[in-house]
Each structure stands twice: as structure tokens, then as C-alpha cells.
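Trainee: For reference, the structure I am asking about is given below.
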Amino acid sequence: MLEIIIDQDKCSGCAFCVLACPQKVLDLDYDTTKAYVAEINECIVCRNCEEQCPKGVIQVRLES
Amino acid sequence: MAQKEKKTHVETDVLVIGSGGAGLRAAIEARRYGAEVMLVDKSLIGVNNNTVFAGGGLKAALPGILDDSMNKAYNTPEEHMVDTIKYGGYLSDQRLVEALAIQAPARLLELIEFGVEGLRLRINIPSKHFTKYGVKLTKPMVETCKRMGVRMRPHTVVYDFVREGGTIRGVDAFDCITGGRVAITARSVVVATGGAGEIYLRNNAVAQATGEAYSMAFRAGAELIGMELVQIDPYILAEPGLPMWYVHPCKARFLAIERNAKGEPFLNKYLPLKGKMEDPFPVRYGVYPPDVREFISRAMYLEVMEGRGENGAVLLDCTKVPEEEWQKDPADRYAREVILRGMDLQKQMIHMLPGAIHNFGGIRINERCETSLSGLYAAGECSGLLHGSGRLGGNALSETIVFGAISGREAANHAASYRARGRGAEGLKKKPDLLNEILKAKKNPLSPREIEKKVKTIVWECAGPVRSGDGLKKGLRQLEKLQEEDLPRLQVSPERPLHMKEAVEAYHMATVAEMIVRSALMRKESRGGGHYRLDYKKEDNEHWLKNIIVRKVKGKMELNTAPVSFTRFYPPQMKGGKDA
């Protein structure tokens with residue numbers, strides 16, 4: 001089971017995670033100005049989003 | 001409404017576009033030669049580029065230092081040169097190959113100075129990031145750039161070159177987070193933007209690799225070379241629910257067998273069997289998969305085309321691979337657990353279908369990385385034509401550091417001579433701004449993603465692993481229709497800068513697609529790994545030992561052929577030269 005958890009309350013909408021993702025897994029919702037998971041299947045668990053989030057509010061979780 | 005021209009103006013000696021291996025190396029070298037350097041990337045710096053996600057190693061003649069179980073080691077640069085040229089089907093510019101082979105050893109050793117550890121950068125070095133081996137290369141170079149005072153400008157999308165006559169004077173850009181416009185004046189510009197893998201519906205490139213620099217260079221009047229030559233890798237996942245990503249043919253999977261929908265092994269129809277079907281791949285066929293990847297791709301694609309695929313893919317059968325084989329290699333375990341999400345490979349076969357991984361062609365350069373425009377340099381995958389029509393594994397990363405360094409040095413020297421002549425950059429006559437055109441309100445607007453999807457489908461279907469004259473002509477008609485009817489409808493909101501970025505990418509992708517398709521249609525032969533035509537299955541040295549050059553003439557795309565730059569090595573049948 002793979003999930004990416006973005007703490008919506010703490011997300012500042014900076015879009016660094018969107019730019020850091022090599023697979024367009026994440027996108028920015030311009031209405032809420034929050035990042036969201038658009039395409040989880042494409043995730044390769046590179047953790048770029050986790051590493052680049054200035055607020056540290058993204059978690060990539062992979063459980064077998 | 002467009003926020004009218006709230007533009008920031010910045011100036012630098014050398015502007016480097018792209019922060020993958022070539023861009024980072026160029027920035028370091030330009031600083032070494034005393035230039036003021038600005039490094040821009042449309043993503044973050046050094047984070048999301050194909051170097052970071054590269055899986056292989058670096059190729060260089062470093063006897064006793066660099067050797068590798070998967071690859072041949074070279075004792076001399078000449079051996080490296082000969083193999084590179086042979087893999088490239090003799091289409092490589094040999095001046096570039098010579099520069100690569102001679103300079104790669106020193107450039108590679110020098111990486112240690114930048115803090116790069118583990119020269120081989122290969123999968124057997126334990127790392128928690130098996131999908132990001134290349135971080136070992138980029139991260140220390142980013143740190144070096146910072147220490148050397150390279151000015152960095154992330155999330156900056158360059159969308160057009162500013163030109164005065166045949167000289168590049170800077171670029172037009174915008175910040176894809178704030179939406180603010182930036183005009184960057186530069187005495188030299190190094191394009192290090194990588195390839196255009198993303199122009200193929202199926203690919204293993206990062207989503208950023210949309211190739212707009214090819215189109216920008218074309219618009220500015222630069223020559224492009226070998227755009228038809230594209231590397232296609234076989235082992236890209238086509239499994240529903242899993243990412244379209246590369247699965248390395250490493251040890252456990254050497255025991256897997258490629259099967260069609262009927263369950264029959266099919267590769268032996270295309271690659272002669274040298275051992276038994278139970279043997280690991282290199283024994284079974286007498287070669288390592290990376291050395292024949294384009295041929296495996298073709299075989300897979302033809303099986304599917306001829307109706308023997310399952311859900312449009314072939315199957316990789318790992319059911320007989322013993323559990324202990326998976327445990328031997330951490331990269332194998334990682335692929336199974338992470339990329340394949342713990343799929344039960346004892347019971348299920350993996351759907352695979354090829355995808356684009358490398359553009360051999362690009363902005364035409366000489367051995368000093370000079371393009372046909374003064375002040376414009378190119379390095380790395382965006383340049384051409386080092387690899388010819390096939391790429392020796394490990395040469396892509398070596399290319400980034402060798403030509404990154406050359407372009408940085410040459411750009412710095414050019415900037416210095418420019419300064420000495422006291423040329424300012426003000427008062428340039430401007431053509432209509434491309435971004436303003438995109439932001440204008442349209443009737444029946446189309447989103448960038450709609451256009452991008454169309455382009456990617458057309459290119460994959462007509463200029464993928466298997467091509468034909470009829471297919472390419474149809475693709476070209478579809479592209480022309482798209483340019484006439486769809487592209488003028490492209491529209492995004494200036495309030496949504498990330499969508500502006502996608503719009504610029506989609507706009508330029510249409511031009512890059514046309515270059516690839518027209519060039520592929522012109523080359524009436526098949527050659528090496530980069531170009532296979534069903535209607536011209538054979539290599540034709542009599543007519544096609546040539547390069548195809550694309551450039552803009554009077555607003556139109558013009559294609560010509562040019563002789564290959566042979567310096568030392570000629571194909572065996574060619575007279576007057578030394579055989580490789």
C-alpha cells in the first residue's frame with residue numbers, strides 16, 4: 001500500500017513538491033492553493049516531494 | 001487579464017539553462033574561468049532532471065580504476081572512441097567522440113574534487129534511493145556551485161531566446177510560482193536542458209524533459225542535427241496501477257523470459273539463441289540487455305503490432321526466478337518491493353512495453369560546444385550528434401561532464417571577449433512575445449494538457465520503435481492540423497503560473513515533434529538503435545551515411561543532409577579511410 005500524505009492545514013501552496021516530482025504525481029489546486037495527489041500510481045517513491053517540502057509536511061508511505 | 005509587463009531585468013556573463021549533470025558542470029567551469037554565472041531551472045536546482053534518475057554508470061578509459069562487471073572496460077581512449085562510433089552506426093560527429101574519449105578520464109577523476117563518491121555510481125553501491133543513483137553526481141556539484149558563487153534561479157521557465165542578428169543576447173523567462181516575468185541578458189547562454197523523452201507517450205524521462213530548447217533554438221535560427229535518432233528502452237512497465245518506469249535488467253531479472261500473449265518466448269526469433277532458455281540473459285543470447293536494448297524494444301513492439309500482445313504489452317515472466325536470486329541484489333529487491341509494489345512475481349507476469357529514453361539528436365555543436373549562433377552553446381542530451389544512431393551505455397553521463405565543462409569554459413571566454421569589446425545589451429528590437437500570445441483570450445480554448453496528449457500520441461505512434469513512410473506521413477498531417485487548428489487555441493490563465501509552464505512546454509513540443517517526424521520520414525533506411533523503418537529495413541551506406549540537419553529558413557522548417565564528420569574511423573566498406 002502506497003500513499004502520499006500532505007498535511008492540508010500546514011501546506012503553504014508553494015508548489016515545490018509539484019516541481020520536484022518527476023512523474024507528475026502531485027499538482028497544485030489553484031482554488032484552495034494546496035498541493036494534492038493527482039496520480040498516485042505513477043509514484044516511484046523517489047521522495048523528492050518529502051525532501052523538498054520547506055514545511056516538512058509531506059510523507060510518502062509504503063507498506064508491504 | 002495578463003499582468004502587463006511587470007518585468008524584472010537581470011544581467012549575467014554566462015547564463016546556464018538546466019541543472020542536470022551538464023548544466024551543473026557548465027556552471028562550475030564558467031566560474032573557474034572567472035565569469036559571473038547564473039544557473040536557471042524550470043524546476044528546483046539539481047532535483048528533477050534525468051541525471052538524477054539515471055541508472056547506469058560513467059564510461060571512460062581508466063584502466064585499473066574504472067571497471068565494471070556489466071560493461072567493457074577500456075584501456076585507451078581510442079578503444080572507447082571506436083566502440084562509441086560503432087554503436088552509433090557511424091553517424092556520430094567524430095570530433096565530439098574524440099573529445100569525449102580523450103577528456104572523460106580526467107573529467108571523471110575530477111569529480112572526486114567536487115565530493116562525488118564511488119566513481120562507478122552503479123547499482124551495487126548501497127543507497128536508500130535506488131531510483132535516484134544520479135544524486136551521487138548532482139548533489140556534490142550543486143554544493144560546489146554554491147561554494148563558487150553561482151547565482152541560482154529555480155522555477156524559472158525560459159520560453160524564448162532573445163537574438164540580435166546571428167547573436168544570442170539573452171532569454172525571456174518567467175517565474176512559474178509567482179508568475180513574474182524575467183528578462184535575462186547574458187553575454188553567453190549555455191543550453192543544458194536535456195532531452196525530449198516526454199514528447200513520447202511512452203517514455204522513461206522525467207516529466208520536465210519536454211525539449212522546449214530544441215524548439216527555441218530552431219526559432220532563433222540554430223541548426224539541429226539527427227532529430228530522427230531516438231533511443232527506445234524495452235523494459236518500461238505497462239502494468240495497470242504501476243508507474244510507467246524503467247525496471248533495470250539486473251541480476252534476478254536476467255533469469256526472466258520475455259513472452260507474448262500466447263505464453264511463447266519470442267526474443268529468440270529476433271536475437272539468435274546462444275545458450276539455453278533457462279540460462280541468464282547474457283548467456284542465453286550472448287549479450288547484455290543494455291547492449292541490444294533497441295533490438296529487444298523492436299521485437300516487443302512488433303509482437304504487439306502483429307497481434308500477439310496482451311493488453312497492448314508483452315510479458316516478462318519471472319515466475320521461475322528463485323526467491324534467493326531476488327535477495328542477492330538490493331536493487332532487485334527494491335524494484336520488486338517499491339516499483340512493483342510487492343507484486344507476487346511467482347504467480348504474475350509483468351506487462352512491459354518499450355518507451356523513449358534518449359534523444360541522440362539535438363542542437364548541432366562542434367567540439368567547443370558552439371552552435372550555429374554566436375553566444376549560444378549546448379551541452380548534454382540537448383546537443384547533437386555525439387551518439388549517432390545508438391548509444392554505448394555509460395556515455396550519456398560521461399557526455400554531461402565532458403561537454404558541460406567544455407561549454408562552461410567556452411561560454412566564459414566568449415563572455416570575457418564580449419565585455420572587452422564593451423557591448424551593452426540594451427535597446428533590442430523585440431518580436432511579438434510568445435507568452436503574451438499564449439495568454440491572449442481565444443475562442444474555444446484548449447488546455448496545455450490536451451495539446452500535449454495529442455502530440456505525444458502522434459509521435460509515439462508514428463516515430464516510435466517501429467516507423468514507416470505511411471505512418472510518418474499520417475503523423476505529419478496530424479501535426480500540421482494540430483499546429484493550424486489546435487495550437488492557436490492554446491490558452492491559460494496568467495493567474496496560474498504552473499499552467500503557463502505547461503503551455504510553453506506544449507507549444508514548443510509541437511515544433512520538436514515536427515522535427516522528429518520530418519527527419520524520420522527523410523531517412524529512408526534503418527540504422528543502429530535509433531531509427532527503424534518497416535519500409536526500409538536495411539542500413540543503406542551508399543545513400544544514408546549522412547546527417548540530417550533541420551533549420552528555419554524564411555519562417556519554414558527546412559531539412560538538408562550533411563556529410564558525417566569523419567576524422568579517423570570509417571565504416572569497413574568505405575574507401576580511403578581506416579577501418580574501425
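Chain labels follow the order of the C-alpha cells: the first chain is A, the next B, and so on; residue numbering restarts at 1 in every chain, and ligands are counted from 1 in their shown order.
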For range 57-61 of chain A, list every protein, DNA or RNA residue within 9 Å, evaluated using only C-alpha atoms, and leave out those in the same chain fewer than 3 positions away; present the list as a list in words.

Mentor: Met1, Leu2, Glu3, Ile4, Ile5, Ile6, Asp7, Gln8, Lys10, Cys11, Cys17, Val45, Arg47, Cys49, Glu50, Glu51, Cys53 and Pro54 of chain A

Trainee: Pull out every residue of chain B sitting within 8 Å of chain A, counting only C-alpha atoms, and send them as a list in words.

Mentor: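 Here is what falls inside 8 Å: Ser43, Leu44, Val47, Asn48, Asn49, His129, Thr131, Lys132, His155, Ile177, Val206, Ala207, Gln208, Gly241, Leu242, Pro243, Met244, Trp245, Glu337, Val338, Ile339, Arg341, Gly342 and Arg496 of chain B.
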
Trainee: Hey, can you check how far CA of Gln346 in chain B sits from CA of Lys262 in chain B?

Mentor: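 Value for the CA of Gln346 in chain B-CA of Lys262 in chain B distance: 18.3 Å.
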
Trainee: Have a look at B:Val230, B:Leu435, B:Leu24, B:Ile199 and name the one nearest to Arg391 in chain B; count only C-alpha atoms.

Mentor: B:Val230

Trainee: To one decimal in Å, tell me the separation between CA of Glu239 in chain B and CA of Glu325 in chain B.

Mentor: 22.6 Å

Trainee: Asp41 in chain B: which residues within 6 Å, counting only C-alpha atoms, same-chain residues fewer than 5 positions away excluded, as a ChimeraX atom specification?

Mentor: /B:18-19,154-156

Trainee: Quick one: residues within 7 Å of Glu452 in chain B, only C-alpha atoms, excluding same-chain residues fewer than 4 positions away - as a list of chain:residue names?

Mentor: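 In the requested form, the answer reads B:Pro448, B:Lys456, B:Ala506.
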
Trainee: Going by DSSP on the backbone, which residues of range 24-133 of chain B come out as strand (DSSP E or B)? List them as number ranges by chain.

Mentor: B: 37-40

Trainee: If you keep N, CA and C atoms, can you produce a file of those selected residues as an mmCIF file, in the first residue's frame?

Mentor:
data_model
loop_
_atom_site.group_PDB
_atom_site.id
_atom_site.type_symbol
_atom_site.label_atom_id
_atom_site.label_comp_id
_atom_site.auth_asym_id
_atom_site.auth_seq_id
_atom_site.Cartn_x
_atom_site.Cartn_y
_atom_site.Cartn_z
ATOM 1 N N VAL B 37 28.105 33.780 -13.181
ATOM 2 C CA VAL B 37 27.250 32.731 -13.740
ATOM 3 C C VAL B 37 25.874 32.713 -13.088
ATOM 4 N N MET B 38 24.854 32.617 -13.934
ATOM 5 C CA MET B 38 23.503 32.403 -13.415
ATOM 6 C C MET B 38 23.009 31.058 -13.930
ATOM 7 N N LEU B 39 22.501 30.248 -12.994
ATOM 8 C CA LEU B 39 22.003 28.917 -13.336
ATOM 9 C C LEU B 39 20.491 28.903 -13.121
ATOM 10 N N VAL B 40 19.735 28.642 -14.180
ATOM 11 C CA VAL B 40 18.283 28.595 -14.027
ATOM 12 C C VAL B 40 17.752 27.198 -14.329
#

Trainee: Quick one: residues within 12 Å of Ala463 in chain B, only C-alpha atoms counted, chain neighbours fewer than 5 positions away excluded, as a PyMOL selection string?

Mentor: chain B and resi 199-202+227-232+355-356+455-458+468-476+513-521+523+530-534

Trainee: If we count only C-alpha atoms and set the cut-off at 6 Å, which residues sit around Pro77 in chain B, ignoring sequence neighbours fewer than 3 positions away in its own chain? Please answer as number ranges by chain.

Mentor: B: 61, 80, 101-102

Trainee: In Å, with one decimal, what is the gap from CA of Asp279 in chain B to CA of Lys320 in chain B?

Mentor: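 Taking CA of Asp279 in chain B and CA of Lys320 in chain B, their separation equals 11.6 Å.
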
Trainee: Could you name the residues that touch Gly361 in chain B at 9 Å or less, counting only C-alpha atoms, but leaving out those on the same chain fewer than 5 positions away, as a PyMOL selection string?

Mentor: chain B and resi 195+224-230+381-389

Trainee: Filtering to C-alpha atoms, could you give me those residues as a short mmCIF file (atom, residue, chain, number, x, y, z; two decimals), in the first residue's frame?

Mentor:
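Below is the file that was written, out.cif:
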data_model
loop_
_atom_site.label_atom_id
_atom_site.label_comp_id
_atom_site.auth_asym_id
_atom_site.auth_seq_id
_atom_site.Cartn_x
_atom_site.Cartn_y
_atom_site.Cartn_z
CA GLY B 195 16.25 15.66 -24.00
CA LEU B 224 19.63 20.91 -35.28
CA ILE B 225 21.04 17.54 -36.22
CA GLY B 226 19.87 13.92 -36.12
CA MET B 227 16.45 14.62 -34.62
CA GLU B 228 15.10 11.31 -36.01
CA LEU B 229 17.51 9.28 -33.87
CA VAL B 230 15.85 8.28 -30.61
CA GLU B 381 21.43 15.43 -24.30
CA CYS B 382 20.04 18.60 -25.88
CA SER B 383 23.07 18.72 -28.20
CA GLY B 384 23.93 16.58 -31.21
CA LEU B 385 25.37 14.47 -32.57
CA LEU B 386 27.74 12.60 -30.27
CA HIS B 387 25.94 9.28 -30.07
CA GLY B 388 24.97 8.84 -33.71
CA SER B 389 22.27 6.23 -34.11
#

Trainee: I need the alpha helix (DSSP H) residues of chain A per DSSP on the backbone, written as a list of chain:residue names.

Mentor: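 Put together, the selection reads A:Phe16, A:Cys17, A:Val18, A:Leu19, A:Ala20, A:Asn48, A:Cys49, A:Glu50, A:Glu51, A:Gln52.
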